[in-house]
Structures are given as structure tokens and as C-alpha cells.
$ cat model.cif   # mmCIF, C-alpha atoms
data_query
#
loop_
_atom_site.label_atom_id
_atom_site.label_comp_id
_atom_site.auth_asym_id
_atom_site.auth_seq_id
_atom_site.Cartn_x
_atom_site.Cartn_y
_atom_site.Cartn_z
CA MET C 293 32.67 41.00 2.07
CA PRO C 294 30.72 38.00 3.36
CA LYS C 295 31.77 36.53 6.66
CA LYS C 296 33.90 33.43 6.59
CA PRO C 297 32.13 30.27 7.75
CA PRO C 298 33.05 29.12 11.28
CA LYS C 299 35.74 26.50 11.60
CA ASN C 300 34.59 22.96 12.24
CA ALA C 301 36.19 20.19 14.25
CA PHE C 302 38.04 18.78 11.24
CA TYR C 303 39.77 22.12 10.70
CA PHE C 304 41.34 22.05 14.16
CA TYR C 305 42.23 18.39 13.64
CA MET C 306 44.09 19.35 10.44
CA LEU C 307 46.11 21.98 12.30
CA ASP C 308 47.10 19.42 14.93
CA PHE C 309 47.84 16.81 12.23
CA LYS C 310 50.01 19.31 10.32
CA GLN C 311 52.01 20.14 13.47
CA GLN C 312 52.61 16.47 14.24
CA GLU C 313 53.73 15.76 10.68
CA LYS C 314 56.04 18.80 10.74
CA GLU C 315 57.78 17.39 13.81
CA LYS C 316 58.35 14.20 11.81
CA GLY C 317 59.92 16.22 8.99
CA ILE C 318 56.93 16.13 6.61
CA GLU C 319 55.87 19.48 5.15
CA TYR C 320 52.65 20.26 3.24
CA GLU C 321 52.27 23.15 0.80
CA ASN C 322 48.72 24.07 1.76
CA LEU C 323 45.72 22.95 3.83
CA ALA C 324 44.15 21.20 0.84
CA LYS C 325 46.91 18.60 0.85
CA VAL C 326 46.75 18.40 4.63
CA ALA C 327 43.02 17.62 4.35
CA ILE C 328 43.71 14.76 1.94
CA ALA C 329 46.36 13.29 4.22
CA ALA C 330 44.38 13.75 7.45
CA ASP C 331 41.03 12.48 6.19
CA PRO C 332 41.66 8.72 6.68
CA SER C 333 42.86 9.11 10.26
CA TRP C 334 39.97 11.47 11.06
CA LYS C 335 37.42 8.91 9.91
CA GLN C 336 39.01 6.25 12.12
CA ALA C 337 39.38 8.56 15.14
CA SER C 338 37.68 7.46 18.36
CA PRO C 339 34.84 9.50 19.90
CA ALA C 340 37.21 10.68 22.65
CA VAL C 341 39.64 12.15 20.09
CA ARG C 342 36.81 13.78 18.14
CA ALA C 343 35.33 15.32 21.29
CA LYS C 344 38.56 17.30 21.88
CA PHE C 345 38.39 19.04 18.50
CA GLU C 346 34.59 19.44 18.59
CA GLU C 347 35.00 21.36 21.83
CA MET C 348 37.58 23.61 20.14
CA ALA C 349 35.15 24.26 17.27
CA ARG C 350 32.33 25.05 19.70
CA LYS C 351 34.44 27.65 21.54
CA ALA C 352 35.47 29.22 18.24
CA LYS C 353 31.81 29.58 17.24
CA GLN C 354 30.99 31.19 20.58
CA LYS C 355 33.64 33.85 20.00
CA LEU C 356 32.15 34.65 16.60
CA GLY C 357 28.63 34.75 18.02
CA VAL C 358 27.43 31.82 15.88
CA PRO C 359 24.48 29.94 17.42
CA GLU C 360 25.23 26.33 18.25
CA LYS C 361 22.00 25.06 16.71
CA LYS C 362 20.26 25.93 13.47
CA TYR C 363 16.48 26.27 13.48
CA THR C 364 13.73 25.96 10.91
CA SER C 365 11.14 28.64 10.25
CA THR C 366 8.88 26.95 12.82
CA GLY C 367 11.50 27.20 15.57
CA ILE C 368 12.52 23.53 15.59
CA SER C 369 16.24 22.83 15.45
CA PHE C 370 17.62 20.70 12.63
CA ALA C 371 19.37 18.53 15.18
CA GLU C 372 16.03 17.71 16.78
CA ILE C 373 14.51 16.84 13.41
CA GLU C 374 17.42 14.55 12.59
CA GLN C 375 17.11 12.94 16.01
CA ARG C 376 13.41 12.25 15.44
CA GLU C 377 14.05 10.75 12.03
CA MET C 378 16.76 8.53 13.49
CA GLU C 379 14.45 7.38 16.27
CA ILE C 380 11.71 6.54 13.76
CA GLN C 381 14.13 4.53 11.62
CA ASN C 382 15.44 2.67 14.65
CA ALA C 383 11.89 1.91 15.80
CA GLN C 384 10.93 0.60 12.36
CA GLN C 385 13.99 -1.61 12.21
CA ALA C 386 13.35 -2.89 15.73
CA GLU C 387 9.75 -3.69 14.76
CA ILE C 388 10.86 -5.68 11.72
CA GLU C 389 13.39 -7.62 13.79
CA ASP C 390 10.85 -8.29 16.55
CA ILE C 391 8.28 -9.69 14.11
CA LYS C 392 10.90 -11.77 12.31
CA ASN C 393 12.22 -13.24 15.57
CA MET C 394 8.72 -13.92 16.89
CA VAL C 395 7.69 -15.83 13.76
CA ALA C 396 11.01 -17.70 13.59
CA LEU C 397 10.79 -18.73 17.26
CA SER C 398 7.26 -20.08 16.76
CA CYS C 399 8.46 -22.04 13.75
CA ILE C 400 11.40 -23.51 15.68
CA GLN C 401 9.12 -24.50 18.55
CA GLY C 402 6.74 -26.16 16.08
CA ASN C 403 3.65 -24.14 16.96
CA ILE C 404 3.61 -21.70 14.05
CA LEU C 405 0.23 -23.04 12.91
CA THR C 406 -1.36 -22.62 16.36
CA GLU C 407 0.32 -19.35 17.36
CA ASP C 408 -2.33 -16.70 18.04
CA PHE C 409 -2.05 -13.28 16.41
CA TYR C 410 -4.11 -10.17 17.16
CA VAL C 411 -5.45 -7.80 14.50
CA MET C 412 -6.97 -4.42 15.36
CA ASP C 413 -8.74 -1.60 13.54
CA VAL C 414 -10.41 1.65 14.64
CA ASN C 415 -12.80 4.18 13.13
CA TYR C 416 -12.33 7.82 14.05
CA TYR C 417 -14.78 10.69 13.52
CA CYS C 418 -12.02 13.18 12.78
CA LYS C 419 -8.43 14.09 13.55
CA THR C 420 -7.80 17.21 15.62
CA SER C 421 -4.49 18.96 16.14
CA THR C 422 -3.81 16.82 19.21
CA GLN C 423 -5.62 13.49 18.86
CA TYR C 424 -7.94 11.17 16.93
CA VAL C 425 -11.61 11.16 17.98
CA ILE C 426 -12.24 7.40 18.08
CA GLY C 427 -15.76 6.07 17.52
CA GLU C 428 -15.28 2.30 17.13
CA SER C 429 -12.63 -0.35 17.72
CA THR C 430 -12.23 -4.11 17.21
CA VAL C 431 -9.53 -6.58 18.26
CA LEU C 432 -9.55 -10.06 16.67
CA ARG C 433 -7.62 -13.24 17.49
CA PHE C 434 -6.70 -15.89 14.90
CA ASN C 435 -4.20 -18.57 14.00
CA ILE C 436 -3.56 -20.51 10.80
CA LYS C 437 -4.98 -23.83 11.96
CA ASP C 438 -8.19 -22.70 13.67
CA GLY C 439 -8.82 -19.48 11.72
CA ILE C 440 -10.73 -16.71 13.48
CA LYS C 441 -11.28 -17.67 17.12
CA ASP C 442 -12.99 -14.63 18.71
CA ASN C 443 -13.04 -10.83 18.78
CA TYR C 444 -13.68 -7.86 21.07
CA HIS C 445 -15.77 -5.12 19.43
CA GLU C 446 -16.75 -1.80 20.98
CA ILE C 447 -18.68 1.26 19.73
CA ILE C 448 -17.35 4.29 21.59
CA ASN C 449 -19.12 7.50 22.52
CA PRO C 450 -16.39 10.17 22.84
CA GLY C 451 -18.81 12.58 24.50
CA SER C 452 -18.52 16.23 23.53
CA ILE C 453 -17.43 17.22 20.02
CA PRO C 454 -14.13 19.12 19.87
CA LEU C 455 -14.62 22.83 19.30
CA GLY C 456 -14.52 23.69 15.61
CA TYR C 457 -14.79 20.08 14.39
CA ALA C 458 -18.57 19.61 14.25
CA TYR C 459 -18.62 19.49 10.45
CA ASP C 460 -15.74 16.98 10.31
CA VAL C 461 -17.48 14.76 12.86
CA LYS C 462 -20.72 14.92 10.86
CA GLN C 463 -18.88 13.90 7.68
CA GLY C 464 -17.22 11.06 9.57
CA CYS C 465 -20.60 9.81 10.79
CA MET C 466 -22.01 9.75 7.26
CA GLU C 467 -18.98 7.96 5.88
CA LEU C 468 -18.49 5.38 8.63
CA GLY C 469 -22.11 4.74 9.54
CA LEU C 470 -21.69 5.93 13.14
CA ASP C 471 -24.09 7.97 15.25
CA MET C 472 -23.25 11.53 16.22
CA PRO C 473 -21.61 11.77 19.66
CA ASP C 474 -24.31 12.40 22.24
CA GLU C 475 -23.30 14.90 24.91
CA ASN C 476 -26.36 14.06 27.00
CA VAL C 477 -25.24 10.44 27.40
CA PRO C 478 -22.19 9.60 29.54
CA ARG C 479 -19.22 8.96 27.33
CA SER C 480 -17.65 5.53 27.12
CA ASN C 481 -15.49 4.37 29.99
CA TYR C 482 -11.98 4.34 28.51
CA MET C 483 -10.52 2.72 31.62
CA GLN C 484 -12.93 -0.20 31.31
CA ILE C 485 -12.24 -0.58 27.58
CA LEU C 486 -8.50 -0.66 28.28
CA ALA C 487 -8.98 -3.28 31.00
CA ASN C 488 -11.08 -5.39 28.63
CA ILE C 489 -8.43 -5.23 25.91
CA ILE C 490 -5.66 -6.18 28.35
CA ASP C 491 -7.71 -9.15 29.60
CA TYR C 492 -8.43 -10.12 26.00
CA LEU C 493 -4.73 -10.08 25.12
CA LYS C 494 -3.81 -12.05 28.26
CA GLN C 495 -6.37 -14.82 27.86
CA LYS C 496 -3.76 -17.23 26.46
CA ASN C 497 -1.03 -16.49 29.02
CA THR C 498 -2.38 -14.82 32.15
CA ASN C 499 0.91 -15.11 34.08
CA SER C 500 3.01 -13.14 31.59
CA ASN C 501 3.44 -9.38 32.00
CA VAL C 502 4.43 -8.99 28.34
CA LEU C 503 1.44 -8.44 26.06
CA PRO C 504 1.46 -9.88 22.54
CA PRO C 505 1.82 -7.34 19.72
CA ILE C 506 -1.21 -5.92 17.94
CA PHE C 507 -1.16 -5.77 14.14
CA THR C 508 -2.97 -3.29 11.93
CA MET C 509 -2.72 -1.73 8.48
CA PRO C 510 0.07 0.83 7.97
CA ASN C 511 -2.34 3.76 7.64
CA MET C 512 -3.99 2.84 10.95
CA VAL C 513 -0.84 2.52 13.08
CA LEU C 514 -0.96 6.13 14.30
CA PRO C 515 -4.73 6.14 15.10
CA VAL C 516 -4.42 2.87 17.03
CA LYS C 517 -1.39 4.15 18.95
CA ASP C 518 -3.19 7.37 19.77
CA PHE C 519 -6.25 5.42 20.96
CA PHE C 520 -4.11 3.44 23.42
CA LEU C 521 -2.39 6.65 24.51
CA GLN C 522 -5.76 8.23 25.33
CA MET C 523 -6.87 5.20 27.31
CA CYS C 524 -3.56 4.91 29.15
CA ASN C 525 -3.60 8.60 30.10
CA ARG C 526 -7.05 8.22 31.66
CA ALA C 527 -6.10 4.99 33.45
CA ALA C 528 -2.57 6.09 34.48
CA GLU C 529 -1.22 3.07 32.63
CA ASP C 530 2.12 2.75 30.84
CA GLU C 531 1.48 2.97 27.08
CA THR C 532 4.77 1.20 26.31
CA LEU C 533 3.09 -2.09 27.27
CA PHE C 534 1.42 -2.14 23.87
CA ARG C 535 3.28 -2.88 20.67
CA ILE C 536 1.43 -1.69 17.55
CA TYR C 537 2.98 -3.30 14.47
CA ARG C 538 2.24 -3.39 10.75
CA LEU C 539 0.08 -6.28 9.57
CA ASP C 540 1.74 -6.51 6.15
CA THR C 541 5.11 -7.19 7.81
CA LEU C 542 3.58 -10.09 9.75
CA PHE C 543 1.88 -11.40 6.60
CA TYR C 544 5.17 -11.30 4.68
CA ASN C 545 7.19 -13.16 7.34
CA LEU C 546 4.40 -15.61 8.13
CA ILE C 547 3.78 -16.85 4.61
CA ASN C 548 7.49 -17.04 3.77
CA ILE C 549 8.35 -19.16 6.80
CA ILE C 550 5.68 -21.81 6.11
CA LYS C 551 6.27 -22.09 2.37
CA THR C 552 7.73 -25.33 1.06
CA ARG C 553 8.45 -24.38 -2.56
CA GLY C 554 10.32 -21.52 -4.16
CA ASN C 555 7.35 -20.19 -6.10
CA GLU C 556 5.26 -19.70 -2.94
CA GLY C 557 5.16 -16.71 -0.62
CA PHE C 558 6.15 -13.13 -1.40
CA PRO C 559 9.60 -12.11 -2.67
CA LYS C 560 8.98 -8.53 -1.45
CA GLU C 561 7.12 -7.12 1.52
CA SER C 562 5.30 -4.66 -0.72
CA LEU C 563 3.47 -7.59 -2.35
CA ALA C 564 1.99 -8.57 1.01
CA LEU C 565 0.66 -5.03 1.46
CA SER C 566 -0.71 -5.06 -2.08
CA GLN C 567 -2.57 -8.31 -1.38
CA LEU C 568 -4.14 -6.83 1.75
CA LYS C 569 -5.16 -3.67 -0.08
CA LYS C 570 -7.01 -5.70 -2.71
CA ASP C 571 -9.58 -6.50 -0.01
CA LEU C 572 -10.92 -9.57 -1.83
CA PHE C 573 -13.78 -10.08 0.65
CA LYS C 574 -14.87 -6.42 0.74
CA TYR C 575 -18.44 -6.92 -0.43
CA THR C 576 -19.15 -10.09 1.54
CA PRO C 577 -22.37 -9.54 3.54
CA GLY C 578 -22.83 -10.40 7.19
CA LEU C 579 -19.33 -9.58 8.44
CA GLY C 580 -20.15 -6.34 10.25
CA CYS C 581 -21.72 -5.67 13.63
CA GLU C 582 -25.46 -5.37 14.14
CA HIS C 583 -25.36 -1.57 14.12
CA HIS C 584 -23.60 -1.34 10.76
CA GLU C 585 -25.67 -4.11 9.20
CA GLU C 586 -28.86 -2.21 10.02
CA ALA C 587 -27.38 1.02 8.63
CA ASP C 588 -26.18 -0.80 5.47
CA LYS C 589 -22.61 0.33 6.21
CA SER C 590 -21.02 -3.03 7.01
CA ILE C 591 -18.13 -2.32 4.64
CA ASN C 592 -16.86 0.42 6.98
CA CYS C 593 -17.36 -1.55 10.22
CA THR C 594 -14.13 -2.28 12.09
CA LEU C 595 -15.35 -5.79 12.85
CA ALA C 596 -15.87 -6.45 9.14
CA LYS C 597 -12.49 -4.93 8.23
CA VAL C 598 -10.45 -7.06 10.66
CA LYS C 599 -12.31 -10.16 9.47
CA ARG C 600 -11.58 -9.36 5.84
CA MET C 601 -7.91 -8.74 6.57
CA THR C 602 -7.69 -12.04 8.45
CA PHE C 603 -9.51 -13.95 5.70
CA THR C 604 -7.04 -12.56 3.15
CA ILE C 605 -4.08 -13.85 5.18
CA LEU C 606 -5.65 -17.25 5.83
CA ASP C 607 -6.72 -17.66 2.20
CA SER C 608 -3.06 -17.32 1.18
CA CYS C 609 -1.38 -19.21 4.05
CA CYS C 610 -3.69 -22.20 4.61
CA PRO C 611 -3.21 -23.86 1.18
CA ILE C 612 0.58 -23.58 1.60
CA ALA C 613 0.41 -25.07 5.10
CA GLY C 614 -1.94 -27.86 3.97
CA ILE C 615 -4.85 -26.62 6.10
CA ASP C 616 -8.37 -27.17 4.76
CA LEU C 617 -10.34 -23.94 4.56
CA VAL C 618 -13.39 -24.03 6.81
CA PRO C 619 -16.21 -21.54 6.09
CA GLY C 620 -16.79 -19.27 9.06
CA GLN C 621 -13.23 -19.74 10.32
CA HIS C 622 -10.84 -19.36 7.40
CA LEU C 623 -13.36 -17.92 4.94
CA PRO C 624 -16.75 -16.19 5.20
CA LEU C 625 -19.54 -18.49 6.29
CA ASP C 626 -21.57 -18.30 3.06
CA PHE C 627 -18.67 -19.22 0.75
CA ASP C 628 -19.35 -22.07 -1.68
CA MET C 629 -16.50 -24.44 -0.88
CA ASP C 630 -17.66 -27.06 -3.41
CA GLY C 631 -17.49 -24.49 -6.16
CA ILE C 632 -14.03 -23.37 -5.05
CA ILE C 633 -12.77 -26.95 -5.01
CA THR C 634 -14.24 -27.56 -8.48
CA ILE C 635 -12.51 -24.49 -9.86
CA LYS C 636 -9.20 -25.54 -8.33
CA GLU C 637 -9.50 -29.03 -9.83
CA LYS C 638 -10.22 -27.52 -13.24
CA LYS C 639 -7.16 -25.30 -12.91
CA LYS C 640 -5.00 -28.32 -12.10
CA GLY C 641 -6.14 -30.20 -15.23
CA ARG C 642 -6.20 -27.20 -17.54
CA ILE C 643 -3.70 -27.24 -20.41
CA PRO C 644 -2.11 -23.86 -20.92
CA PRO C 645 -2.99 -22.29 -24.29
CA SER C 646 -0.39 -22.33 -27.01
CA ILE C 647 0.06 -19.90 -29.87
CA ALA C 648 0.78 -22.73 -32.26
CA SER C 649 -2.21 -24.78 -31.17
CA PHE C 650 -4.29 -23.69 -34.17
CA ALA C 651 -1.50 -24.05 -36.70
CA GLU C 652 0.01 -27.08 -38.31
CA PRO C 653 3.06 -28.53 -36.58
CA PRO C 654 6.42 -28.00 -38.30
CA PRO C 655 7.41 -30.69 -40.79
CA CYS C 656 9.54 -33.42 -39.36
CA ASN C 657 12.07 -35.67 -41.04
CA SER C 658 10.38 -39.03 -41.55
CA SER C 659 13.74 -40.75 -41.83
CA MET C 660 14.40 -39.97 -38.17
CA ILE C 661 11.33 -41.97 -37.12
CA ASN C 662 11.57 -45.71 -37.31
CA ASP C 663 8.76 -47.89 -38.52
CA SER C 664 8.53 -49.36 -35.04
CA ASP C 665 7.54 -45.97 -33.64
CA SER C 666 4.02 -46.29 -34.95
CA SER C 667 2.58 -44.89 -31.74
CA LEU C 668 4.68 -41.77 -32.15
CA LYS C 669 3.53 -41.37 -35.76
CA SER C 670 -0.10 -41.75 -34.76
CA GLY C 671 0.41 -39.18 -32.02
CA ILE C 672 1.84 -36.71 -34.51
CA SER C 673 -1.06 -37.25 -36.90
CA GLU C 674 -3.52 -36.60 -34.09
CA VAL C 675 -1.85 -33.28 -33.27
CA LYS C 676 -2.45 -32.02 -36.79
CA ARG C 677 -5.59 -29.97 -37.11
CA GLU C 678 -7.38 -28.69 -40.11
CA LYS C 679 -7.16 -25.01 -40.79
CA ARG C 680 -10.31 -23.06 -40.29
CA VAL C 681 -11.76 -21.76 -43.52
CA HIS C 682 -14.01 -18.74 -43.22
CA GLN C 683 -16.58 -18.54 -45.99
CA PRO C 684 -17.52 -15.03 -47.12
CA LEU C 685 -20.97 -13.81 -46.21
CA ARG C 686 -23.59 -14.52 -48.92
CA LEU C 687 -25.71 -11.83 -50.49
CA PRO C 688 -29.43 -11.91 -49.66
CA LYS C 689 -31.69 -13.80 -52.10
CA THR C 690 -33.89 -10.76 -52.76
CA ASP C 691 -33.53 -9.44 -56.32
CA TYR C 692 -33.24 -5.68 -56.09
CA SER C 693 -32.69 -5.23 -59.83
CA GLN C 694 -36.45 -5.13 -60.47
CA ILE C 695 -37.03 -2.42 -57.91
CA ILE C 696 -34.35 -0.10 -59.29
CA ARG C 697 -35.77 2.37 -61.80
CA PRO C 698 -33.75 4.08 -64.53
CA ALA C 699 -33.09 7.78 -63.99
CA PRO C 700 -35.34 10.08 -66.17
CA GLU C 701 -33.82 12.23 -68.91
CA LEU C 702 -33.74 15.91 -68.02
CA THR C 703 -33.97 18.82 -70.51
CA GLU C 704 -33.79 22.62 -70.24
CA SER C 705 -37.56 22.81 -69.80
CA ASN C 706 -37.26 21.08 -66.47
CA PHE C 707 -35.24 23.98 -65.04
CA PRO C 708 -36.93 27.41 -64.49
CA THR C 709 -35.31 30.51 -65.99
CA LEU C 710 -33.77 33.11 -63.71
CA SER C 711 -35.33 36.55 -63.85
CA ALA C 712 -32.92 39.46 -64.18
CA GLY C 713 -33.83 41.54 -61.17
CA ARG C 714 -31.93 44.16 -59.26
CA GLY C 715 -29.69 42.96 -56.56
CA ARG C 716 -27.93 44.71 -53.75
CA GLY C 717 -25.27 46.15 -56.06
CA ARG C 718 -25.62 49.00 -58.53
CA GLY C 719 -27.47 48.10 -61.73
CA SER C 720 -28.99 44.85 -62.92
CA LEU C 721 -27.33 41.54 -63.36
CA SER C 722 -27.57 41.66 -67.17
CA SER C 723 -26.16 45.17 -67.38
CA SER C 724 -23.30 44.19 -65.15
CA PHE C 725 -22.34 41.40 -67.55
CA ASN C 726 -22.56 43.77 -70.52
CA LYS C 727 -20.11 46.17 -68.93
CA LEU C 728 -17.53 43.44 -68.52
CA ARG C 729 -14.86 43.39 -71.22
CA PHE C 730 -13.24 40.13 -72.13
CA ASP C 731 -10.09 40.60 -74.12
CA LYS C 732 -9.40 37.92 -76.66
CA GLY C 733 -5.94 36.65 -76.68
#
$ encode --input "model.cif" --output "C-alpha cells"
Amino acid sequence: MPKKPPKNAFYFYMLDFKQQEKEKGIEYENLAKVAIAADPSWKQASPAVRAKFEEMARKAKQKLGVPEKKYTSTGISFAEIEQREMEIQNAQQAEIEDIKNMVALSCIQGNILTEDFYVMDVNYYCKTSTQYVIGESTVLRFNIKDGIKDNYHEIINPGSIPLGYAYDVKQGCMELGLDMPDENVPRSNYMQILANIIDYLKQKNTNSNVLPPIFTMPNMVLPVKDFFLQMCNRAAEDETLFRIYRLDTLFYNLINIIKTRGNEGFPKESLALSQLKKDLFKYTPGLGCEHHEEADKSINCTLAKVKRMTFTILDSCCPIAGIDLVPGQHLPLDFDMDGIITIKEKKKGRIPPSIASFAEPPPCNSSMINDSDSSLKSGISEVKREKRVHQPLRLPKTDYSQIIRPAPELTESNFPTLSAGRGRGRGSLSSSFNKLRFDKG
């Protein structure tokens, strides 16, 4: 027979509950009814009360030899997995609240249009079992009023290629337009890069020890965090100084707090991410660094990517905030602003198409219109349009009747006679027909 499952804390609580109810004169037929009666009080029990019965359950499991923790096939306990998932959920919720409070505070203080935000992106050659091999990084600063203000771009030489990842690094170079890591050249100084980024983030408020958050796309959060972890490990710096947040969450809260009408902004955060993924300025030339422009790989340059992400946000937020778009700051430098303004003006004066625009209006009762409403009558007559009449295509003027010749009359002399030769079967064709008997009737 299979072993009975070990008793849990609620089981021992039921036994105690049953004993207390028995002293009051209340009897239960079985444990099933005890469970129904004890369930509400168990849910409202304090942690101190629960701890008493959990300890009783733990001792009972020890007597039966049941392990306290259950493990996966990889040796990780389920409790540890649940703890990690809970920590991730709490961190995500804290991130959302931090971004929301930061944007709301800037709006209350009246500097939401001049508040600087930092966008970052990295390119990595490959991902090993322990880290990302970073080859390029860019941090950009912008606000809604001034657009893109400046950036800090760095091409990184990671030095030696990780063992077993030479092919992955080569594929990454071809895709991203980066040079192969040169082992003969000293690798980049990670401590200096970290110091430069910290100085770049502190340029607005040098006295504060709290660094502003850095925003990036959701798929780049882990690579950016790992890049800061690598730099902090080499510089003995605390990596918790840096907050790496999702850019789509900032975009969603930013555009919704500056909107003035109900049809503006994004009703869902997923729409902000969808707008960023469209990458409307993807094929705009001249946004990348000099290295990628020469290699004709500016699309994959981190400098070009952070600019395109920022232009997408500004292109959506500036019209709502009443900020004029300036080429080179809010849009790429070579954008035709006159053409954009012309298109917008045409859209404002455009009459939406109607299904009934090509049909006659419905008949109206003339008795309902007074003779004095001549202007209304004239307006109705102007709305009426003639139906389009499509004439059938005409036949060509060429007379083909003269070219057509009558078919000649054919007689038996025009067809050659078939010779009765021997075929593959036995006998001739004529003899075979003679042997056939056709019964009449």
C-alpha cells in the first residue's frame, strides 16, 4: 500500500480546534466537517499561531523521514524557485512605482518638460554561461523641451575571446559591424568607462549620491545590468547604485501625464512598447558613429539605436505638450519639416470619406422645409451628384468578316484508307472482325 502523505500544519490545527469545540459541547462526526468549520479561523490566524502548528508538522515529517524541502531534477529546491519568482515580481512592481512617482513628482514641480532622462543600449558579441561579452555601449540624455542634449558612446575591446565562443563572436561581429576582439591590444579600461558613466549621470546634480535611473528596451535590461556588474566588480563599486528600468514604462507614464485630452496617450503600456518596436526612424542615415557609418552598419550602432528610440518618444510627446519639433534635437537633422507641416495641415482640412458620398441622398419631405429656407434647399441640391454611367467598351473598327474564309467541304477522298496489316495480336484486323458474332435481337 502507498504511504500516507505527511500531515501538514492545518491537520494539527484541526485536532486542536476539535478538542476546543468538544470542551464547549460541540461534536463533529468526522474530520471533513471539522475542516469546514476550522477553515475560516485558520485563514485569519496570526503568524505566531501558525508557527506553533507548522513546527508540529515539521517534527512529524522528521519522524517519517520526509525531507523538509522538495528539489527539482537540477537540484534546486522549489522553495528557492518560488522565492526568486517572488523577488522578481516585487522588483518589477517597485520599478513601476518608482517610475510613476518620479514622473508624477516632476509634473507636480512643473519641470516635466525639462526633466532629463537617460537612455542606454549595448551591443554584445555573444552570451556565455556567465556573462555578456560587451562590444559597444551608448548613454544618451534628453528631455521633452530641448530634445537630445548629448551622449556618451564607447566601443569596447573585451580582450581575449572566451574559450569555445570564437564562432559566436565572429557571427556577432558580422551582424553588429564590430571588429573582432584583438588580444594583442590592451582591452578597454572598465574602471575608466564606469567613472565616465557616473560623471555623465551626475552632470546635472553633482552633490547628490543618488544616480538617476537608466532606461533601455525590455530585451536589453539583462545585458545592461550585466555590463554594469562587470564594471563594478573590476572597480569594487556597489552595483546597486544603478537602476536599470524599462523604457516603455517611462514612455507610457510620460505621455499619459502630459496629455490634455482623452484621446491622447496610451490606454495600455503594451502600446508604448509596440510604438518603440516599430522603429520609425530605423533607416535614417547619419545617426550612427563614424565606425558604423564607414562599415555601412549604422542600423546596428548603439548610438543610432538610442537616438531612434528617443526620436520616437519625442515625436509622440512633443505635439501633445505643444513643443515645436526641431530637426537635430527632436527629429533627425535631415527631416523635411515643411513637408511634415504641409501634410499635417492637409490632414486637418481633410473630409473623411463617406460610403454614401457617391449615391443620391435619401428623399426628404418638402413640406417640412419652408419656402424661407432657400439656402437649405440650395445646399441640398448641391449635395446631389449625378450617378456615374459606365459605357461598354466599343468593338474595334476593323472588319474581320472579309478575312474569314468559309471552311472547305471534305469528302472520303480526302482521308487515306487504312491498310489491314498484322498487329501485335493473333491474326489480322479484318479476320478478327469476321470472327466476331453479332446476335440480332
$ resolve_selection --input "model.cif" --expression "the PyMOL selection byres ((chain C and resi 590-604) around 8)" --output "VMD selection string"
chain C and resid 411 to 415 428 to 432 434 440 445 467 to 469 567 to 568 571 to 575 577 to 581 584 to 585 587 to 589 605 to 608 622 to 624
$ atom_distance --input "model.cif" --atom1 "atom CA of C:Lys344" --atom2 "atom CA of C:Ala330"
16.0 Å
$ residues_around --input "model.cif" --residues "stretch 379-396 of chain C" --least-positions-apart "5" --cutoff "12 Å" --atoms "all atoms listed in the file" --output "NGL selection string"
:C and (372-374 or 401-409 or 504-507 or 510 or 513 or 535-550 or 561)
$ write_last_selection --input "model.cif" --atoms "C-alpha atoms" --output "tab-separated table (two decimals), in the frame of the given file"
chain	number	residue	atom	x	y	z
C	372	GLU	CA	16.03	17.71	16.78
C	373	ILE	CA	14.51	16.84	13.41
C	374	GLU	CA	17.42	14.55	12.59
C	401	GLN	CA	9.12	-24.50	18.55
C	402	GLY	CA	6.74	-26.16	16.08
C	403	ASN	CA	3.65	-24.14	16.96
C	404	ILE	CA	3.61	-21.70	14.05
C	405	LEU	CA	0.23	-23.04	12.91
C	406	THR	CA	-1.36	-22.62	16.36
C	407	GLU	CA	0.32	-19.35	17.36
C	408	ASP	CA	-2.33	-16.70	18.04
C	409	PHE	CA	-2.05	-13.28	16.41
C	504	PRO	CA	1.46	-9.88	22.54
C	505	PRO	CA	1.82	-7.34	19.72
C	506	ILE	CA	-1.21	-5.92	17.94
C	507	PHE	CA	-1.16	-5.77	14.14
C	510	PRO	CA	0.07	0.83	7.97
C	513	VAL	CA	-0.84	2.52	13.08
C	535	ARG	CA	3.28	-2.88	20.67
C	536	ILE	CA	1.43	-1.69	17.55
C	537	TYR	CA	2.98	-3.30	14.47
C	538	ARG	CA	2.24	-3.39	10.75
C	539	LEU	CA	0.08	-6.28	9.57
C	540	ASP	CA	1.74	-6.51	6.15
C	541	THR	CA	5.11	-7.19	7.81
C	542	LEU	CA	3.58	-10.09	9.75
C	543	PHE	CA	1.88	-11.40	6.60
C	544	TYR	CA	5.17	-11.30	4.68
C	545	ASN	CA	7.19	-13.16	7.34
C	546	LEU	CA	4.40	-15.61	8.13
C	547	ILE	CA	3.78	-16.85	4.61
C	548	ASN	CA	7.49	-17.04	3.77
C	549	ILE	CA	8.35	-19.16	6.80
C	550	ILE	CA	5.68	-21.81	6.11
C	561	GLU	CA	7.12	-7.12	1.52
$ residues_around --input "model.cif" --residues "stretch 447-462 of chain C" --least-positions-apart "5" --cutoff "12 Å" --atoms "only C-alpha atoms" --output "ChimeraX atom specification"
/C:414-430,467-482,484-485,519,522-523,581-584,593-595
$ atom_distance --input "model.cif" --atom1 "atom CA of C:Phe345" --atom2 "atom CA of C:Met378"
24.6 Å
$ atom_distance --input "model.cif" --atom1 "atom CA of C:Gln375" --atom2 "atom CA of C:Ala528"
27.8 Å
$ resolve_selection --input "model.cif" --expression "the PyMOL selection byres ((chain C and resi 300) around 12)" --output "PDB file with C-alpha atoms, in the frame of the given file"
ATOM      1  CA  LYS C 296      33.900  33.430   6.590  1.00  0.00           C
ATOM      2  CA  PRO C 297      32.130  30.270   7.750  1.00  0.00           C
ATOM      3  CA  PRO C 298      33.050  29.120  11.280  1.00  0.00           C
ATOM      4  CA  LYS C 299      35.740  26.500  11.600  1.00  0.00           C
ATOM      5  CA  ALA C 301      36.190  20.190  14.250  1.00  0.00           C
ATOM      6  CA  PHE C 302      38.040  18.780  11.240  1.00  0.00           C
ATOM      7  CA  TYR C 303      39.770  22.120  10.700  1.00  0.00           C
ATOM      8  CA  PHE C 304      41.340  22.050  14.160  1.00  0.00           C
ATOM      9  CA  TYR C 305      42.230  18.390  13.640  1.00  0.00           C
ATOM     10  CA  MET C 306      44.090  19.350  10.440  1.00  0.00           C
ATOM     11  CA  LEU C 307      46.110  21.980  12.300  1.00  0.00           C
ATOM     12  CA  ARG C 342      36.810  13.780  18.140  1.00  0.00           C
ATOM     13  CA  ALA C 343      35.330  15.320  21.290  1.00  0.00           C
ATOM     14  CA  LYS C 344      38.560  17.300  21.880  1.00  0.00           C
ATOM     15  CA  PHE C 345      38.390  19.040  18.500  1.00  0.00           C
ATOM     16  CA  GLU C 346      34.590  19.440  18.590  1.00  0.00           C
ATOM     17  CA  GLU C 347      35.000  21.360  21.830  1.00  0.00           C
ATOM     18  CA  MET C 348      37.580  23.610  20.140  1.00  0.00           C
ATOM     19  CA  ALA C 349      35.150  24.260  17.270  1.00  0.00           C
ATOM     20  CA  ARG C 350      32.330  25.050  19.700  1.00  0.00           C
ATOM     21  CA  LYS C 351      34.440  27.650  21.540  1.00  0.00           C
ATOM     22  CA  ALA C 352      35.470  29.220  18.240  1.00  0.00           C
ATOM     23  CA  LYS C 353      31.810  29.580  17.240  1.00  0.00           C
ATOM     24  CA  VAL C 358      27.430  31.820  15.880  1.00  0.00           C
ATOM     25  CA  GLU C 360      25.230  26.330  18.250  1.00  0.00           C
TER      26      GLU C 360
END
$ closest_residue --input "model.cif" --among "C:Ile490, C:Leu563, C:Ile436, C:Val326" --to "C:Leu617" --atoms "all atoms listed in the file"
C:Ile436
